[in-house]
$ cat work.cif   # mmCIF, C-alpha atoms
data_entry
#
loop_
_atom_site.label_atom_id
_atom_site.label_comp_id
_atom_site.auth_asym_id
_atom_site.auth_seq_id
_atom_site.Cartn_x
_atom_site.Cartn_y
_atom_site.Cartn_z
CA MET A 1 0.00 0.00 0.00
CA GLU A 2 1.33 3.46 -0.90
CA ALA A 3 2.36 5.67 1.90
CA THR A 4 -0.12 8.28 2.99
CA ASN A 5 2.47 10.79 4.13
CA THR A 6 1.38 14.31 3.22
CA GLN A 7 4.76 15.88 3.91
CA VAL A 8 5.68 18.32 1.15
CA ARG A 9 9.09 17.69 -0.43
CA PRO A 10 10.27 21.00 -1.93
CA GLY A 11 12.34 20.85 -5.09
CA THR A 12 11.12 17.45 -6.21
CA VAL A 13 9.53 16.94 -9.61
CA PRO A 14 5.73 16.75 -9.18
CA PRO A 15 4.42 13.21 -9.81
CA VAL A 16 2.09 14.40 -12.58
CA VAL A 17 4.99 16.10 -14.39
CA ALA A 18 7.16 13.00 -14.09
CA ALA A 19 4.34 10.82 -15.44
CA ARG A 20 3.67 13.13 -18.38
CA TRP A 21 7.36 13.24 -19.27
CA ALA A 22 7.53 9.45 -19.08
CA LEU A 23 4.46 9.12 -21.30
CA TRP A 24 5.67 11.63 -23.88
CA THR A 25 9.14 10.05 -23.90
CA PHE A 26 7.54 6.68 -24.60
CA VAL A 27 5.50 8.14 -27.47
CA ILE A 28 8.41 10.05 -29.04
CA VAL A 29 10.80 7.08 -28.83
CA ASN A 30 8.27 4.85 -30.57
CA LEU A 31 7.56 7.46 -33.24
CA VAL A 32 11.29 7.69 -33.95
CA ILE A 33 11.46 3.89 -34.27
CA VAL A 34 8.47 3.85 -36.64
CA GLU A 35 9.99 6.63 -38.77
CA ALA A 36 13.21 4.62 -39.00
CA LEU A 37 11.31 1.49 -40.02
CA PHE A 38 9.38 3.47 -42.63
CA LEU A 39 12.57 4.89 -44.16
CA THR A 40 14.39 1.55 -44.24
CA ALA A 41 11.52 -0.68 -45.42
CA GLY A 42 11.45 0.66 -48.95
CA THR A 43 8.86 2.66 -50.88
CA GLY A 44 5.44 1.64 -52.13
CA LYS A 45 4.50 0.88 -55.72
CA ASN A 46 4.12 4.60 -56.37
CA GLY A 47 4.44 7.86 -54.47
CA VAL A 48 0.82 7.94 -53.31
CA LEU A 49 1.03 4.41 -51.87
CA THR A 50 4.26 5.35 -50.08
CA VAL A 51 2.47 8.23 -48.35
CA ALA A 52 -0.47 5.90 -47.61
CA LYS A 53 1.93 3.50 -45.90
CA PHE A 54 3.29 6.41 -43.81
CA PHE A 55 -0.21 7.21 -42.51
CA GLY A 56 -0.99 3.52 -41.95
CA LEU A 57 2.07 3.05 -39.74
CA HIS A 58 1.16 6.07 -37.65
CA ALA A 59 -2.40 4.84 -37.34
CA ALA A 60 -0.98 1.64 -35.82
CA VAL A 61 1.01 3.68 -33.28
CA LEU A 62 -2.12 5.66 -32.36
CA MET A 63 -4.02 2.39 -31.79
CA LEU A 64 -1.31 1.14 -29.45
CA PHE A 65 -1.35 4.44 -27.56
CA GLN A 66 -5.14 4.27 -27.27
CA LEU A 67 -4.90 0.87 -25.59
CA LEU A 68 -2.38 2.16 -23.05
CA LEU A 69 -4.50 5.23 -22.21
CA VAL A 70 -7.49 3.05 -21.23
CA ALA A 71 -5.53 0.19 -19.66
CA ARG A 72 -5.85 1.86 -16.22
CA LEU A 73 -2.19 1.35 -15.41
CA PRO A 74 -1.89 2.20 -11.69
CA TRP A 75 1.33 4.19 -12.02
CA LEU A 76 -0.17 6.50 -14.63
CA ASP A 77 -3.63 6.68 -13.08
CA ARG A 78 -2.40 7.77 -9.64
CA ARG A 79 -0.24 10.49 -11.11
CA ILE A 80 -2.25 11.80 -14.07
CA GLY A 81 -5.78 10.65 -13.19
CA MET A 82 -8.39 8.71 -15.14
CA ASP A 83 -10.25 11.91 -16.05
CA ARG A 84 -7.29 13.39 -17.92
CA LEU A 85 -6.31 10.05 -19.46
CA THR A 86 -9.90 9.72 -20.72
CA VAL A 87 -9.78 13.19 -22.30
CA TRP A 88 -6.51 12.29 -24.04
CA HIS A 89 -8.07 9.01 -25.17
CA ARG A 90 -10.91 10.95 -26.77
CA TRP A 91 -8.64 13.32 -28.71
CA VAL A 92 -6.25 10.56 -29.76
CA GLY A 93 -9.34 8.67 -30.95
CA PHE A 94 -10.41 11.46 -33.29
CA THR A 95 -6.81 11.84 -34.49
CA LEU A 96 -6.82 8.11 -35.24
CA LEU A 97 -10.05 8.50 -37.20
CA TRP A 98 -8.63 11.14 -39.56
CA THR A 99 -5.32 9.29 -39.89
CA LEU A 100 -7.14 6.10 -40.88
CA LEU A 101 -9.42 7.88 -43.34
CA THR A 102 -6.41 9.59 -44.93
CA HIS A 103 -4.64 6.23 -45.18
CA ALA A 104 -7.69 4.58 -46.76
CA VAL A 105 -8.29 7.34 -49.33
CA LEU A 106 -4.63 7.36 -50.34
CA VAL A 107 -4.58 3.57 -50.73
CA VAL A 108 -7.57 3.66 -53.09
CA LEU A 109 -6.12 6.65 -54.97
CA GLY A 110 -2.70 5.02 -55.25
CA TYR A 111 -4.02 1.76 -56.69
CA ALA A 112 -6.41 3.67 -58.97
CA ARG A 113 -3.42 5.50 -60.48
CA LEU A 114 -1.42 2.30 -60.64
CA ASP A 115 -4.16 0.47 -62.54
CA ASP A 116 -5.40 3.54 -64.42
CA ALA A 117 -8.91 2.89 -63.10
CA SER A 118 -11.59 4.93 -61.31
CA MET A 119 -11.51 5.13 -57.53
CA THR A 120 -14.94 3.48 -57.32
CA LYS A 121 -13.82 0.49 -59.37
CA THR A 122 -10.59 0.29 -57.38
CA PHE A 123 -12.44 0.41 -54.06
CA PHE A 124 -14.60 -2.59 -54.93
CA ALA A 125 -11.61 -4.44 -56.32
CA LEU A 126 -9.73 -3.94 -53.04
CA ALA A 127 -12.82 -5.06 -51.09
CA GLY A 128 -12.40 -8.43 -52.77
CA VAL A 129 -8.96 -8.86 -51.18
CA THR A 130 -9.13 -10.32 -47.66
CA ALA A 131 -6.37 -8.16 -46.17
CA SER A 132 -7.92 -4.97 -47.54
CA LEU A 133 -11.41 -6.00 -46.49
CA LEU A 134 -10.21 -6.47 -42.90
CA GLY A 135 -8.79 -2.95 -42.93
CA MET A 136 -12.04 -1.57 -44.37
CA GLY A 137 -14.01 -3.32 -41.63
CA ALA A 138 -11.79 -1.84 -38.93
CA ALA A 139 -12.08 1.64 -40.44
CA ALA A 140 -15.88 1.36 -40.73
CA ILE A 141 -16.23 0.43 -37.04
CA ILE A 142 -14.00 3.32 -35.97
CA VAL A 143 -16.05 5.75 -38.06
CA VAL A 144 -19.30 4.55 -36.43
CA VAL A 145 -17.87 4.78 -32.91
CA ALA A 146 -16.47 8.25 -33.60
CA ALA A 147 -19.88 9.38 -34.90
CA VAL A 148 -21.72 8.25 -31.75
CA SER A 149 -18.98 9.77 -29.58
CA ALA A 150 -19.54 13.27 -30.95
CA ARG A 151 -20.87 15.39 -28.12
CA ASN A 152 -24.25 16.24 -29.66
CA VAL A 153 -24.91 12.55 -30.43
CA ARG A 154 -23.44 11.19 -27.20
CA ARG A 155 -25.80 13.32 -25.09
CA ARG A 156 -28.82 11.67 -26.73
CA LEU A 157 -27.68 8.10 -26.05
CA ARG A 158 -28.01 6.08 -22.89
CA TYR A 159 -24.60 5.28 -21.39
CA GLU A 160 -25.21 1.53 -21.81
CA THR A 161 -25.94 1.98 -25.55
CA TRP A 162 -22.88 4.15 -26.10
CA HIS A 163 -20.66 1.82 -24.07
CA GLY A 164 -21.85 -1.25 -26.00
CA LEU A 165 -21.04 0.42 -29.31
CA HIS A 166 -17.70 1.62 -27.94
CA LEU A 167 -16.72 -1.98 -27.14
CA LEU A 168 -16.79 -2.67 -30.89
CA LEU A 169 -13.46 -0.85 -31.00
CA TYR A 170 -11.82 -4.01 -29.68
CA VAL A 171 -13.17 -5.82 -32.73
CA ALA A 172 -11.73 -3.05 -34.90
CA LEU A 173 -8.34 -3.40 -33.23
CA GLY A 174 -8.35 -7.13 -33.88
CA LEU A 175 -9.23 -6.61 -37.53
CA ALA A 176 -6.58 -3.90 -37.87
CA PHE A 177 -3.94 -6.15 -36.30
CA VAL A 178 -4.62 -8.99 -38.75
CA HIS A 179 -4.74 -6.45 -41.61
CA GLN A 180 -1.33 -5.20 -40.53
CA LEU A 181 0.08 -8.72 -40.42
CA GLN A 182 -1.10 -9.51 -43.93
CA GLU A 183 -0.72 -6.18 -45.67
CA THR A 184 1.99 -4.03 -44.13
CA THR A 185 5.41 -4.83 -45.56
CA THR A 186 7.06 -2.70 -42.86
CA PHE A 187 5.87 -5.20 -40.25
CA SER A 188 7.93 -8.00 -41.83
CA SER A 189 10.66 -6.00 -43.56
CA SER A 190 13.32 -7.31 -41.16
CA ALA A 191 13.75 -9.41 -38.03
CA PRO A 192 14.14 -6.31 -35.77
CA ALA A 193 10.96 -4.82 -37.30
CA MET A 194 8.97 -7.97 -36.58
CA ILE A 195 10.32 -8.17 -33.01
CA TYR A 196 9.42 -4.51 -32.43
CA TRP A 197 5.85 -4.72 -33.74
CA TRP A 198 5.08 -7.98 -31.93
CA ALA A 199 6.56 -6.62 -28.69
CA MET A 200 4.51 -3.41 -28.90
CA TRP A 201 1.21 -5.17 -29.65
CA LEU A 202 1.80 -7.78 -26.92
CA PHE A 203 2.71 -5.03 -24.44
CA ALA A 204 -0.35 -2.91 -25.26
CA PHE A 205 -2.83 -5.80 -25.26
CA GLY A 206 -1.16 -7.27 -22.15
CA ALA A 207 -1.47 -3.96 -20.28
CA LEU A 208 -5.14 -3.68 -21.27
CA VAL A 209 -6.05 -7.24 -20.26
CA THR A 210 -4.10 -6.96 -17.00
CA GLY A 211 -5.53 -3.59 -15.99
CA ARG A 212 -9.12 -4.07 -17.11
CA ILE A 213 -9.69 -7.80 -16.45
CA VAL A 214 -6.97 -9.66 -14.55
CA MET A 215 -6.37 -7.14 -11.76
CA PRO A 216 -10.06 -6.42 -10.95
CA VAL A 217 -10.95 -10.13 -10.96
CA TRP A 218 -7.95 -11.00 -8.80
CA ARG A 219 -8.62 -8.22 -6.29
CA ASN A 220 -12.25 -9.18 -5.86
CA ALA A 221 -11.39 -12.85 -5.43
CA TYR A 222 -8.70 -11.93 -2.91
CA HIS A 223 -10.56 -9.30 -0.87
CA ARG A 224 -14.10 -10.74 -1.17
CA PHE A 225 -15.86 -7.41 -0.72
CA GLU A 226 -19.29 -7.38 0.91
CA VAL A 227 -21.74 -4.78 2.19
CA ALA A 228 -21.35 -4.24 5.93
CA GLU A 229 -23.75 -1.35 6.53
CA VAL A 230 -26.11 1.00 4.67
CA VAL A 231 -26.61 4.40 6.34
CA PRO A 232 -29.08 7.04 5.04
CA GLU A 233 -27.39 10.43 5.45
CA SER A 234 -30.45 12.43 4.32
CA ASP A 235 -33.60 12.00 2.24
CA ASP A 236 -31.59 11.60 -0.96
CA VAL A 237 -28.09 10.66 0.21
CA VAL A 238 -26.88 7.29 1.43
CA SER A 239 -23.56 5.86 2.60
CA VAL A 240 -22.59 2.26 1.96
CA HIS A 241 -19.87 0.66 4.07
CA VAL A 242 -18.02 -2.21 2.39
CA THR A 243 -15.72 -4.64 4.17
CA GLY A 244 -13.55 -7.52 3.01
CA ARG A 245 -10.45 -9.56 3.66
CA HIS A 246 -6.97 -8.02 3.90
CA LEU A 247 -8.17 -4.51 3.09
CA ASP A 248 -4.94 -3.18 4.58
CA ARG A 249 -3.26 -4.49 1.40
CA LEU A 250 -5.60 -2.64 -0.96
CA PRO A 251 -3.60 0.31 -2.41
CA ALA A 252 -6.33 2.88 -1.77
CA ARG A 253 -5.85 6.48 -0.70
CA ALA A 254 -8.15 9.24 0.49
CA GLY A 255 -9.47 11.21 -2.48
CA GLN A 256 -9.61 8.25 -4.86
CA PHE A 257 -12.73 6.62 -6.28
CA CYS A 258 -13.79 3.11 -7.22
CA ILE A 259 -16.20 1.73 -9.79
CA TRP A 260 -18.85 -0.13 -7.81
CA ARG A 261 -21.19 -2.95 -8.76
CA PHE A 262 -23.70 -4.53 -6.40
CA PRO A 263 -24.97 -7.82 -7.92
CA GLY A 264 -28.69 -8.18 -7.34
CA HIS A 265 -29.09 -4.41 -7.09
CA ASN A 266 -28.49 -3.75 -10.80
CA HIS A 267 -27.51 -5.66 -13.92
CA TRP A 268 -23.83 -6.69 -13.83
CA TRP A 269 -22.94 -4.28 -16.66
CA LEU A 270 -24.26 -1.26 -14.74
CA ALA A 271 -21.55 0.37 -12.65
CA ASN A 272 -21.05 3.74 -11.02
CA PRO A 273 -17.92 5.66 -10.04
CA PHE A 274 -18.20 6.87 -6.44
CA SER A 275 -15.45 8.50 -4.40
CA LEU A 276 -14.33 7.06 -1.10
CA SER A 277 -16.01 9.33 1.45
CA ALA A 278 -13.68 8.25 4.26
CA ALA A 279 -9.96 7.57 4.23
CA PRO A 280 -9.28 3.82 3.91
CA ASP A 281 -8.48 2.38 7.34
CA GLY A 282 -7.59 -1.19 6.34
CA ARG A 283 -10.94 -2.53 7.57
CA THR A 284 -13.74 -0.84 5.57
CA LEU A 285 -14.37 1.32 2.54
CA ARG A 286 -17.17 3.88 2.46
CA LEU A 287 -18.95 5.49 -0.47
CA THR A 288 -21.56 8.23 -0.15
CA ALA A 289 -23.90 8.86 -3.06
CA LYS A 290 -26.73 11.23 -3.90
CA ALA A 291 -29.83 9.92 -5.65
CA VAL A 292 -29.36 11.44 -9.10
CA GLY A 293 -30.21 8.32 -11.10
CA GLY A 294 -31.81 4.92 -10.77
CA ALA A 295 -28.58 3.19 -9.74
CA SER A 296 -27.55 5.64 -7.01
CA ALA A 297 -31.12 6.14 -5.80
CA GLY A 298 -31.50 2.42 -5.15
CA LEU A 299 -28.34 2.07 -3.06
CA ARG A 300 -30.31 2.41 0.18
CA ASN A 301 -31.96 -0.89 -0.76
CA VAL A 302 -28.69 -2.80 -1.08
CA ARG A 303 -28.82 -5.78 1.28
CA VAL A 304 -26.30 -5.95 4.13
CA GLY A 305 -24.14 -9.04 3.72
CA SER A 306 -24.44 -9.07 -0.09
CA ARG A 307 -21.36 -9.19 -2.26
CA ALA A 308 -19.91 -6.10 -3.89
CA PHE A 309 -17.67 -5.95 -6.94
CA VAL A 310 -15.15 -3.13 -6.60
CA GLU A 311 -12.91 -1.97 -9.43
CA GLY A 312 -10.10 0.35 -8.51
CA PRO A 313 -9.08 2.41 -6.64
CA TYR A 314 -8.50 5.07 -9.28
CA GLY A 315 -7.73 8.76 -9.41
CA ALA A 316 -5.00 11.33 -8.80
CA PHE A 317 -7.04 13.51 -6.42
CA THR A 318 -4.76 12.63 -3.50
CA ALA A 319 -2.19 14.08 -1.15
CA LEU A 320 0.52 12.54 -3.36
CA HIS A 321 0.39 15.80 -5.34
CA ARG A 322 0.85 18.22 -2.44
CA THR A 323 3.39 20.95 -3.14
CA ARG A 324 2.64 23.53 -0.42
CA PRO A 325 2.17 23.35 3.39
CA GLY A 326 -1.25 25.04 3.22
CA ALA A 327 -4.29 23.61 1.46
CA LEU A 328 -7.61 24.94 0.17
CA LEU A 329 -10.25 22.26 -0.48
CA ILE A 330 -13.23 23.41 -2.58
CA ALA A 331 -16.29 21.16 -2.87
CA GLY A 332 -19.71 21.47 -4.42
CA GLY A 333 -22.64 19.26 -3.41
CA VAL A 334 -21.73 15.59 -3.11
CA GLY A 335 -18.22 16.52 -4.30
CA ILE A 336 -17.53 16.91 -0.59
CA THR A 337 -16.98 13.13 -0.34
CA PRO A 338 -13.33 12.97 -1.53
CA VAL A 339 -12.62 16.26 0.24
CA ARG A 340 -13.93 14.84 3.52
CA ALA A 341 -11.69 11.79 3.02
CA LEU A 342 -8.66 13.99 2.29
CA LEU A 343 -9.18 15.82 5.58
CA GLU A 344 -8.41 12.59 7.45
CA GLU A 345 -4.93 12.59 5.89
CA GLU A 346 -4.35 16.28 6.68
CA PRO A 347 -1.92 16.91 9.53
CA ALA A 348 -2.77 19.64 12.02
CA GLY A 349 -2.18 22.90 10.25
CA ASP A 350 -3.38 25.38 7.72
CA VAL A 351 -6.34 23.94 5.81
CA VAL A 352 -9.45 25.76 4.58
CA VAL A 353 -12.60 24.16 3.14
CA LEU A 354 -15.10 26.00 0.92
CA TYR A 355 -18.30 23.97 0.67
CA ARG A 356 -20.91 25.18 -1.85
CA VAL A 357 -24.52 23.98 -1.38
CA ARG A 358 -28.02 25.35 -1.98
CA SER A 359 -28.89 25.29 1.70
CA GLU A 360 -27.37 23.98 4.92
CA ASP A 361 -29.81 21.06 4.77
CA ASP A 362 -28.10 19.98 1.54
CA ALA A 363 -24.65 19.98 3.15
CA VAL A 364 -23.87 16.25 3.16
CA LEU A 365 -21.40 15.08 5.83
CA VAL A 366 -20.96 18.66 7.06
CA ASP A 367 -20.85 17.60 10.73
CA GLU A 368 -18.02 15.17 9.97
CA VAL A 369 -16.17 17.91 8.07
CA ARG A 370 -16.55 20.32 10.99
CA ALA A 371 -15.27 17.73 13.45
CA LEU A 372 -12.22 16.93 11.34
CA LEU A 373 -11.41 20.61 10.87
CA ALA A 374 -11.81 21.27 14.59
CA ASP A 375 -9.27 18.53 15.34
CA ARG A 376 -6.83 20.01 12.82
CA GLY A 377 -7.35 23.69 13.49
CA GLY A 378 -8.79 24.31 10.05
CA ARG A 379 -11.63 26.55 8.82
CA LEU A 380 -14.90 25.84 7.02
CA HIS A 381 -16.81 28.34 4.89
CA LEU A 382 -20.27 26.98 4.08
CA LEU A 383 -21.41 28.87 0.97
CA THR A 384 -25.17 28.57 0.59
CA GLY A 385 -27.60 29.86 -2.01
CA ARG A 386 -28.76 29.13 -5.53
CA THR A 387 -26.76 30.27 -8.52
CA GLY A 388 -27.95 33.73 -9.53
CA GLU A 389 -29.61 34.46 -6.18
CA THR A 390 -26.41 35.43 -4.38
CA SER A 391 -23.13 37.05 -5.36
CA PRO A 392 -20.94 34.48 -7.15
CA PRO A 393 -18.79 32.83 -4.45
CA PHE A 394 -16.09 31.62 -6.84
CA GLU A 395 -15.22 34.84 -8.62
CA PRO A 396 -11.55 35.82 -8.11
CA ASP A 397 -12.39 38.68 -5.73
CA SER A 398 -14.65 36.44 -3.64
CA LEU A 399 -12.00 33.73 -3.36
CA VAL A 400 -9.33 36.22 -2.30
CA ALA A 401 -11.69 37.69 0.32
CA LEU A 402 -12.24 34.23 1.80
CA VAL A 403 -8.65 32.99 1.43
CA PRO A 404 -6.22 35.93 1.03
CA ASP A 405 -3.16 33.68 0.60
CA ILE A 406 -4.81 31.44 -2.02
CA THR A 407 -1.81 31.63 -4.37
CA GLU A 408 0.38 30.09 -1.64
CA ARG A 409 -1.78 26.99 -1.20
CA ASP A 410 -2.49 23.73 -2.93
CA VAL A 411 -6.08 23.95 -4.19
CA TYR A 412 -8.24 20.83 -4.57
CA VAL A 413 -11.53 21.19 -6.47
CA CYS A 414 -14.34 18.66 -6.78
CA GLY A 415 -17.94 19.38 -7.70
CA PRO A 416 -20.42 19.68 -10.56
CA PRO A 417 -18.79 20.35 -13.96
CA GLY A 418 -20.05 23.94 -14.16
CA MET A 419 -18.77 24.82 -10.71
CA THR A 420 -15.42 23.12 -11.32
CA SER A 421 -14.91 25.04 -14.58
CA THR A 422 -15.78 28.34 -12.86
CA VAL A 423 -13.31 27.71 -10.03
CA LEU A 424 -10.51 26.65 -12.36
CA SER A 425 -11.06 29.77 -14.48
CA ALA A 426 -10.89 31.96 -11.37
CA LEU A 427 -7.69 30.25 -10.22
CA ARG A 428 -6.08 30.94 -13.60
CA ARG A 429 -7.07 34.59 -13.38
CA LEU A 430 -5.57 34.72 -9.88
CA GLN A 431 -2.39 33.16 -11.32
CA VAL A 432 -2.37 30.26 -8.92
CA PRO A 433 0.49 28.06 -10.23
CA GLN A 434 -0.85 25.12 -12.25
CA ARG A 435 1.18 22.60 -10.23
CA GLN A 436 -0.77 23.68 -7.11
CA VAL A 437 -4.21 23.08 -8.68
CA HIS A 438 -5.77 19.60 -8.45
CA ALA A 439 -9.23 18.91 -9.87
CA GLU A 440 -11.25 15.73 -10.29
CA ARG A 441 -13.73 15.23 -13.12
CA PHE A 442 -14.31 11.51 -13.26
CA GLY A 443 -16.88 9.58 -15.24
CA LEU A 444 -17.23 6.39 -17.23
CA ALA A 445 -17.90 7.98 -20.62
#

$ encode --input "work.cif" --output "structure tokens"
Amino acid sequence: MEATNTQVRPGTVPPVVAARWALWTFVIVNLVIVEALFLTAGTGKNGVLTVAKFFGLHAAVLMLFQLLLVARLPWLDRRIGMDRLTVWHRWVGFTLLWTLLTHAVLVVLGYARLDDASMTKTFFALAGVTASLLGMGAAAIIVVVAAVSARNVRRRLRYETWHGLHLLLYVALGLAFVHQLQETTTFSSSAPAMIYWWAMWLFAFGALVTGRIVMPVWRNAYHRFEVAEVVPESDDVVSVHVTGRHLDRLPARAGQFCIWRFPGHNHWWLANPFSLSAAPDGRTLRLTAKAVGGASAGLRNVRVGSRAFVEGPYGAFTALHRTRPGALLIAGGVGITPVRALLEEEPAGDVVVLYRVRSEDDAVLVDEVRALLADRGGRLHLLTGRTGETSPPFEPDSLVALVPDITERDVYVCGPPGMTSTVLSALRRLQVPQRQVHAERFGLA
């Protein structure tokens, strides 16, 4: 289990910076290798097909990178965070789409010029070749998934529908891999080239299978999670306490979240990300959820003693990223849950909590927050009121009035997307150093 020491180590490279450098170094090194393989493998049958091969090789690299971004590798996740990795996955996905389409168009154009035929005739001729047909199938699936992942379309789909279609990408990757084996001369141009491509594909698929299947299954078999207690916190908020075997060996930290499934409560494919609302103590885990959907609303009906399937822990919203002695923790609504957990890891000292809610009755876990702050000599500002009815509490001037030394603190932000964006914008205007700002925006889509 990782240490939970919150001591700030001045002069050290922040974990998120180290992880980003490691990731970019990995990408650049592999791009250099691919460029070398492209230059030494010979040209295509004409200039257009040579350029098409260039785009095809880079599409393969993007596919490998996509697998690593969603493999949920613990070292990356705890330093960069699943939310940022998911955003990168989205943008790399759209880059992959245009790279593949460019590759496909150039292949058809190149063979059309080679055979002095129309592009339509050439397209159907290539569709009759197994290797090309596999590549076309992979490209078609990626186009469909990209279309349903566009924001205006995604908002109209149920998560389960979108997720089911998204899983087709694994079929596309399989088709693309076989296409590459049969079609790409660069793959088999030399023994080192073959070793490199096989090693990269095995590494990427191995990381994905380990992170998404092997590790969750092993952890649940080892810890045997089960529901120990269900505690209503208010009319629409409930806490679920989960216990299990050897929880002291679960590498969980305050501020992280897990993906929770409660068999019998929902279908097995329905899962929800909920933050740990208490620091892990080696005996129990606690989640606290507000009834905003069918799954979270029904948690108060989960049976004590029933099994729980827990995937994770995930997230970089932890004290691992502390850079300053003082801390400002900003929460909105049920976003107080990871903030409340972080307070348990805070040593006595200079910590301020800003908690934004509509009314004091909506302030979930506020008594626990007050007690923790009292023990640590911290301060709580409970900011009540509806948006538009009161002066904006997260404008730069308002933040400075509440916390005059805000630029000298680490700032943790967790809340609804609109509130989080407003706070982050204000922090930029106040010139709070980026390395001191830590925000969590997790979700499954």

$ closest_residue --input "work.cif" --among "A:Pro347, A:Gly128, A:Pro14, A:Pro216" --to "His438 in chain A" --atoms "all atoms listed in the file"
A:Pro14

$ residues_around --input "work.cif" --residues "Ser425 in chain A" --least-positions-apart "5" --cutoff "10 Å" --atoms "all atoms listed in the file" --output "PDB file with C-alpha atoms, keeping the file's coordinate frame"
ATOM      1  CA  PHE A 394     -16.090  31.620  -6.840  1.00  0.00           C
ATOM      2  CA  GLU A 395     -15.220  34.840  -8.620  1.00  0.00           C
ATOM      3  CA  PRO A 396     -11.550  35.820  -8.110  1.00  0.00           C
ATOM      4  CA  MET A 419     -18.770  24.820 -10.710  1.00  0.00           C
ATOM      5  CA  THR A 420     -15.420  23.120 -11.320  1.00  0.00           C
ATOM      6  CA  LEU A 430      -5.570  34.720  -9.880  1.00  0.00           C
ATOM      7  CA  GLN A 431      -2.390  33.160 -11.320  1.00  0.00           C
TER       8      GLN A 431
END

$ residues_around --input "work.cif" --residues "range 330-340 of chain A" --least-positions-apart "6" --cutoff "7 Å" --atoms "all atoms listed in the file" --output "PyMOL selection string"
chain A and resi 254-256+275-278+288+290+353-357+363-364+369+412-416

$ resolve_selection --input "work.cif" --expression "the PyMOL selection byres ((chain A and resi 103) around 6)" --output "PyMOL selection string"
chain A and resi 52+55-56+100-102+104-106

$ residues_around --input "work.cif" --residues "Glu408 in chain A" --least-positions-apart "3" --cutoff "9 Å" --atoms "all atoms listed in the file" --output "list in words"
Arg324, Pro325, Gly326, Ala327, Asp405, Val432, Pro433 and Gln436 of chain A

$ write_last_selection --input "work.cif" --atoms "C-alpha atoms" --output "mmCIF file, keeping the file's coordinate frame"
data_model
loop_
_atom_site.group_PDB
_atom_site.id
_atom_site.type_symbol
_atom_site.label_atom_id
_atom_site.label_comp_id
_atom_site.auth_asym_id
_atom_site.auth_seq_id
_atom_site.Cartn_x
_atom_site.Cartn_y
_atom_site.Cartn_z
ATOM 1 C CA ARG A 324 2.640 23.530 -0.420
ATOM 2 C CA PRO A 325 2.170 23.350 3.390
ATOM 3 C CA GLY A 326 -1.250 25.040 3.220
ATOM 4 C CA ALA A 327 -4.290 23.610 1.460
ATOM 5 C CA ASP A 405 -3.160 33.680 0.600
ATOM 6 C CA VAL A 432 -2.370 30.260 -8.920
ATOM 7 C CA PRO A 433 0.490 28.060 -10.230
ATOM 8 C CA GLN A 436 -0.770 23.680 -7.110
#

$ atom_distance --input "work.cif" --atom1 "CA of Leu49 in chain A" --atom2 "CA of Leu109 in chain A"
8.1 Å

$ closest_residue --input "work.cif" --among "A:Gly93, A:Pro232, A:Pro15, A:Gly110" --to "Lys45 in chain A" --atoms "all atoms listed in the file"
A:Gly110

$ atom_distance --input "work.cif" --atom1 "CA of Leu173 in chain A" --atom2 "CA of Ala138 in chain A"
6.8 Å

$ atom_distance --input "work.cif" --atom1 "CA of Val171 in chain A" --atom2 "CA of Leu76 in chain A"
25.5 Å

$ axis_aligned_box --input "work.cif" --around "range 132-136 of chain A" --padding-each-side "4 Å" --output "JSON"
{"center_x": -10.0, "center_y": -4.0, "center_z": -45.2, "size_x": 12.1, "size_y": 12.9, "size_z": 12.6}

$ closest_residue --input "work.cif" --among "A:Val240, A:Val13, A:Val366, A:Ala228" --to "Arg283 in chain A" --atoms "only C-alpha atoms"
A:Ala228

$ closest_residue --input "work.cif" --among "A:Val310, A:Val209, A:Leu299, A:Leu134" --to "Pro273 in chain A" --atoms "all atoms listed in the file"
A:Val310

$ resolve_selection --input "work.cif" --expression "the PyMOL selection byres ((chain A and resi 234) around 10)" --output "ChimeraX atom specification"
/A:231-233,235-239,290,361-365

$ write_last_selection --input "work.cif" --atoms "C-alpha atoms" --output "CSV table (one decimal), in the coordinates of the input"
chain,number,residue,atom,x,y,z
A,231,VAL,CA,-26.6,4.4,6.3
A,232,PRO,CA,-29.1,7.0,5.0
A,233,GLU,CA,-27.4,10.4,5.4
A,235,ASP,CA,-33.6,12.0,2.2
A,236,ASP,CA,-31.6,11.6,-1.0
A,237,VAL,CA,-28.1,10.7,0.2
A,238,VAL,CA,-26.9,7.3,1.4
A,239,SER,CA,-23.6,5.9,2.6
A,290,LYS,CA,-26.7,11.2,-3.9
A,361,ASP,CA,-29.8,21.1,4.8
A,362,ASP,CA,-28.1,20.0,1.5
A,363,ALA,CA,-24.6,20.0,3.2
A,364,VAL,CA,-23.9,16.2,3.2
A,365,LEU,CA,-21.4,15.1,5.8

$ residues_near_point --input "work.cif" --point "(-5.2, -8.0, -37.4)" --cutoff "12 Å" --atoms "only C-alpha atoms" --output "ChimeraX atom specification"
/A:60,63,130-138,170-184,187,198,201

$ resolve_selection --input "work.cif" --expression "the PyMOL selection byres ((chain A and resi 84) around 12)" --output "ChimeraX atom specification"
/A:16,20,69-70,72,76-83,85-91,315-317,438-443

$ residues_around --input "work.cif" --residues "Leu23 in chain A" --least-positions-apart "4" --cutoff "10 Å" --atoms "all atoms listed in the file" --output "list in words"
Val17, Ala18, Ala19, Val27, Ile28, Phe65, Leu68, Leu69 and Leu76 of chain A

$ residues_around --input "work.cif" --residues "Asp281 in chain A" --least-positions-apart "3" --cutoff "9 Å" --atoms "only C-alpha atoms" --output "PyMOL selection string"
chain A and resi 247-248+278+284-285
